[in-house]
Amino acid sequence: MEKKILTPEGAQKIREELKQLTGPARIALAARLRAAIQQGDLSENADYTSAKEEQGFLEGRILELEGLLKTAEIIDPQTTSREEVSLGCKVSVRDEENELEVFQIVGSNEGNSRERKISHESPIGKALMGHRAGDTVRVPTPGGQITFRIEKIE
């Protein structure tokens with residue numbers, strides 16, 4: 001099985017989601033199930049069927065998150081090298097239009113383009129990994145090749 005990598009922030013978000021799922025979400029779902037069971041005949045009870053399906057998804061997600069936290073390697077961005085792009089660091093790059101963009105390199109479970117967090121396994125993440133400030137990096141994308149110049153690594 002592939003080793004998953006998380007930043008401390010990503011691990012904390014997973015712990016918070018797990019706390020929500022094992023607490024309030026589970027309690028609310030149990031209440032829905034009790035109410036559906038009290039309606040009587042379960043064979044034609046859509047509320048019961050829906051709640052049971054939701055329970056399966058909830059329990060599956062809980063198991064997934066617990067497994068991830070048990071097996072993931074948590075990297076500390078404070079201890080990673082700033083000499084070259086590595087997991088956990090923030091990278092400032094200029095694109096071909098001279099626009100500055102800042103990405104944080106994270107594990108695949110934390111990638112979120114809206115938050116400018118890119119996975120080290122994504123095309124841009126792969127291309128940036130191991131390079132230094134001042135390097136020019138070419139990234140093959142479905143829309144054509146993009147060129148970045150690495151300005152700063154934090």
# chains A, B, ... in the order shown; residues from 1 in each chain; ligands from 1
call {"tool": "select_by_dssp", "arguments": {"residues": "chain A", "states": "strand (DSSP E)", "output": "JSON, numbers by chain"}}
result
{"A": [5, 6, 73, 74, 90, 91, 92, 93, 94, 100, 101, 102, 103, 104, 105, 106, 117, 118, 119, 136, 137, 138, 139, 140, 141, 144, 145, 146, 147, 148, 149, 150, 151, 152, 153]}
call {"tool": "residues_around", "arguments": {"residues": "range 29-36 of chain A", "least_positions_apart": "4", "cutoff": "10 Å", "atoms": "only C-alpha atoms", "output": "list in words"}}
result
Leu21, Pro24, Ala25, Gly40, Asp41, Leu42, Asn45, Ala46, Asp47, Tyr48, Thr49, Ser50, Ala51, Lys52, Glu54, Gln55 and Leu58 of chain A
call {"tool": "residues_around", "arguments": {"residues": "Lys152 in chain A", "least_positions_apart": "6", "cutoff": "8 Å", "atoms": "only C-alpha atoms", "output": "MDAnalysis selection string"}}
result
chainID A and resid 91:93 133:134
call {"tool": "write_last_selection", "arguments": {"atoms": "C-alpha atoms", "output": "short mmCIF file (atom, residue, chain, number, x, y, z; two decimals), in the first residue's frame"}}
result
data_model
loop_
_atom_site.label_atom_id
_atom_site.label_comp_id
_atom_site.auth_asym_id
_atom_site.auth_seq_id
_atom_site.Cartn_x
_atom_site.Cartn_y
_atom_site.Cartn_z
CA VAL A 91 6.81 27.95 -3.74
CA SER A 92 6.50 31.32 -5.45
CA VAL A 93 6.67 31.01 -9.25
CA ALA A 133 14.99 29.14 -6.65
CA GLY A 134 16.00 30.57 -10.02
#
call {"tool": "select_by_dssp", "arguments": {"residues": "range 64-139 of chain A", "states": "alpha helix (DSSP H)", "output": "VMD selection string"}}
result
chain A and resid 64 to 71 123 to 128
call {"tool": "closest_atom_pairs", "arguments": {"of": "range 43-109 of chain A", "to": "range 115-131 of chain A", "cutoff": "6 Å", "atoms": "only C-alpha atoms", "output": "CSV"}}
result
residue,atom,partner,partner_atom,distance
A:Glu84,CA,A:His131,CA,5.2
A:Val85,CA,A:Met129,CA,4.9
A:Ser86,CA,A:Met129,CA,5.6
A:Phe103,CA,A:Arg116,CA,5.1
A:Gln104,CA,A:Lys117,CA,4.7
A:Ile105,CA,A:Ile118,CA,5.3
A:Val106,CA,A:Ser119,CA,4.9
A:Gly107,CA,A:Ser119,CA,5.2
A:Ser108,CA,A:Ser119,CA,4.8
call {"tool": "closest_residue", "arguments": {"among": "A:Asp76, A:Glu83, A:Glu99, A:Glu154", "to": "Pro8 in chain A", "atoms": "only C-alpha atoms"}}
result
A:Asp76
call {"tool": "atom_distance", "arguments": {"atom1": "CA of Ile153 in chain A", "atom2": "CA of Arg94 in chain A"}}
result
12.5 Å
call {"tool": "atom_distance", "arguments": {"atom1": "CA of Leu100 in chain A", "atom2": "CA of Arg114 in chain A"}}
result
15.9 Å
call {"tool": "atom_distance", "arguments": {"atom1": "CA of Glu96 in chain A", "atom2": "CA of Arg149 in chain A"}}
result
8.5 Å
call {"tool": "closest_residue", "arguments": {"among": "A:Pro142, A:Val137, A:Ile150, A:Lys3", "to": "Lys70 in chain A", "atoms": "only C-alpha atoms"}}
result
A:Lys3
call {"tool": "closest_residue", "arguments": {"among": "A:Asn98, A:Gln38, A:Asn109, A:Ser43", "to": "Thr7 in chain A", "atoms": "only C-alpha atoms"}}
result
A:Asn109
call {"tool": "decode", "arguments": {"residues": "range 41-146 of chain A", "atoms": "C-alpha atoms", "output": "compact mmCIF listing (two decimals), in the first residue's frame"}}
result
# COMPACT_ATOMS: atom_id res chain seq x y z
CA ASP A 41 -42.75 -1.84 8.18
CA LEU A 42 -39.09 -1.52 7.19
CA SER A 43 -39.47 -3.30 3.84
CA GLU A 44 -41.14 -0.26 2.25
CA ASN A 45 -39.71 2.46 4.45
CA ALA A 46 -37.72 4.93 2.29
CA ASP A 47 -36.50 6.88 5.34
CA TYR A 48 -35.05 3.72 6.84
CA THR A 49 -33.40 2.66 3.56
CA SER A 50 -31.91 6.11 3.08
CA ALA A 51 -30.60 6.29 6.65
CA LYS A 52 -29.05 2.79 6.39
CA GLU A 53 -27.27 3.77 3.15
CA GLU A 54 -26.02 6.97 4.77
CA GLN A 55 -24.83 4.95 7.76
CA GLY A 56 -22.78 2.74 5.44
CA PHE A 57 -21.12 5.78 3.85
CA LEU A 58 -20.50 7.38 7.27
CA GLU A 59 -18.91 4.28 8.75
CA GLY A 60 -16.83 3.77 5.60
CA ARG A 61 -15.53 7.33 5.77
CA ILE A 62 -14.71 6.92 9.47
CA LEU A 63 -12.70 3.77 8.72
CA GLU A 64 -10.93 5.52 5.84
CA LEU A 65 -9.92 8.50 8.00
CA GLU A 66 -8.82 6.34 10.93
CA GLY A 67 -6.69 4.23 8.60
CA LEU A 68 -5.17 7.32 7.02
CA LEU A 69 -4.20 8.80 10.38
CA LYS A 70 -2.68 5.49 11.52
CA THR A 71 -0.52 4.99 8.45
CA ALA A 72 0.25 8.48 7.14
CA GLU A 73 3.64 10.07 7.41
CA ILE A 74 3.22 13.55 8.84
CA ILE A 75 5.87 15.89 7.50
CA ASP A 76 6.78 19.05 9.32
CA PRO A 77 7.19 22.01 6.94
CA GLN A 78 9.37 23.71 9.58
CA THR A 79 12.04 21.01 9.23
CA THR A 80 12.04 20.61 5.45
CA SER A 81 14.83 22.14 3.40
CA ARG A 82 14.26 25.50 1.79
CA GLU A 83 17.09 24.93 -0.67
CA GLU A 84 14.87 23.01 -3.06
CA VAL A 85 11.16 22.38 -3.54
CA SER A 86 9.98 19.61 -1.22
CA LEU A 87 6.83 18.50 0.56
CA GLY A 88 5.34 21.11 2.86
CA CYS A 89 7.10 24.13 1.39
CA LYS A 90 5.51 27.13 -0.28
CA VAL A 91 6.81 27.95 -3.74
CA SER A 92 6.50 31.32 -5.45
CA VAL A 93 6.67 31.01 -9.25
CA ARG A 94 6.23 33.33 -12.22
CA ASP A 95 4.39 32.03 -15.24
CA GLU A 96 4.88 32.97 -18.90
CA GLU A 97 2.72 36.11 -18.45
CA ASN A 98 4.98 37.18 -15.55
CA GLU A 99 2.18 36.59 -13.03
CA LEU A 100 3.28 35.51 -9.57
CA GLU A 101 1.62 32.41 -8.14
CA VAL A 102 2.25 30.76 -4.79
CA PHE A 103 1.65 27.05 -4.21
CA GLN A 104 2.08 24.87 -1.16
CA ILE A 105 3.33 21.39 -2.00
CA VAL A 106 1.30 18.82 -0.05
CA GLY A 107 0.51 15.11 -0.06
CA SER A 108 -2.12 13.76 -2.42
CA ASN A 109 -4.84 13.69 0.26
CA GLU A 110 -4.52 17.44 0.88
CA GLY A 111 -4.44 18.80 -2.65
CA ASN A 112 -6.94 21.67 -3.05
CA SER A 113 -6.59 24.05 -5.98
CA ARG A 114 -8.84 26.68 -4.36
CA GLU A 115 -6.45 26.91 -1.42
CA ARG A 116 -3.42 26.82 -3.77
CA LYS A 117 -2.32 23.50 -2.28
CA ILE A 118 -1.01 21.15 -4.93
CA SER A 119 -0.12 17.53 -4.57
CA HIS A 120 3.48 16.47 -5.06
CA GLU A 121 2.00 13.90 -7.45
CA SER A 122 0.20 16.45 -9.66
CA PRO A 123 1.85 17.51 -12.93
CA ILE A 124 2.91 20.91 -11.52
CA GLY A 125 3.94 19.41 -8.17
CA LYS A 126 6.04 16.69 -9.85
CA ALA A 127 7.72 19.23 -12.10
CA LEU A 128 8.61 21.59 -9.22
CA MET A 129 9.89 18.94 -6.79
CA GLY A 130 13.65 19.02 -6.30
CA HIS A 131 14.21 22.31 -8.14
CA ARG A 132 15.78 25.43 -6.63
CA ALA A 133 14.99 29.14 -6.65
CA GLY A 134 16.00 30.57 -10.02
CA ASP A 135 15.29 27.34 -11.91
CA THR A 136 12.96 27.32 -14.90
CA VAL A 137 10.56 24.39 -14.95
CA ARG A 138 8.44 23.18 -17.85
CA VAL A 139 5.18 21.43 -17.03
CA PRO A 140 3.36 19.32 -19.61
CA THR A 141 -0.41 19.82 -19.32
CA PRO A 142 -3.36 18.69 -21.48
CA GLY A 143 -3.60 22.27 -22.79
CA GLY A 144 0.08 22.46 -23.69
CA GLN A 145 3.33 23.10 -21.91
CA ILE A 146 3.55 25.75 -19.15
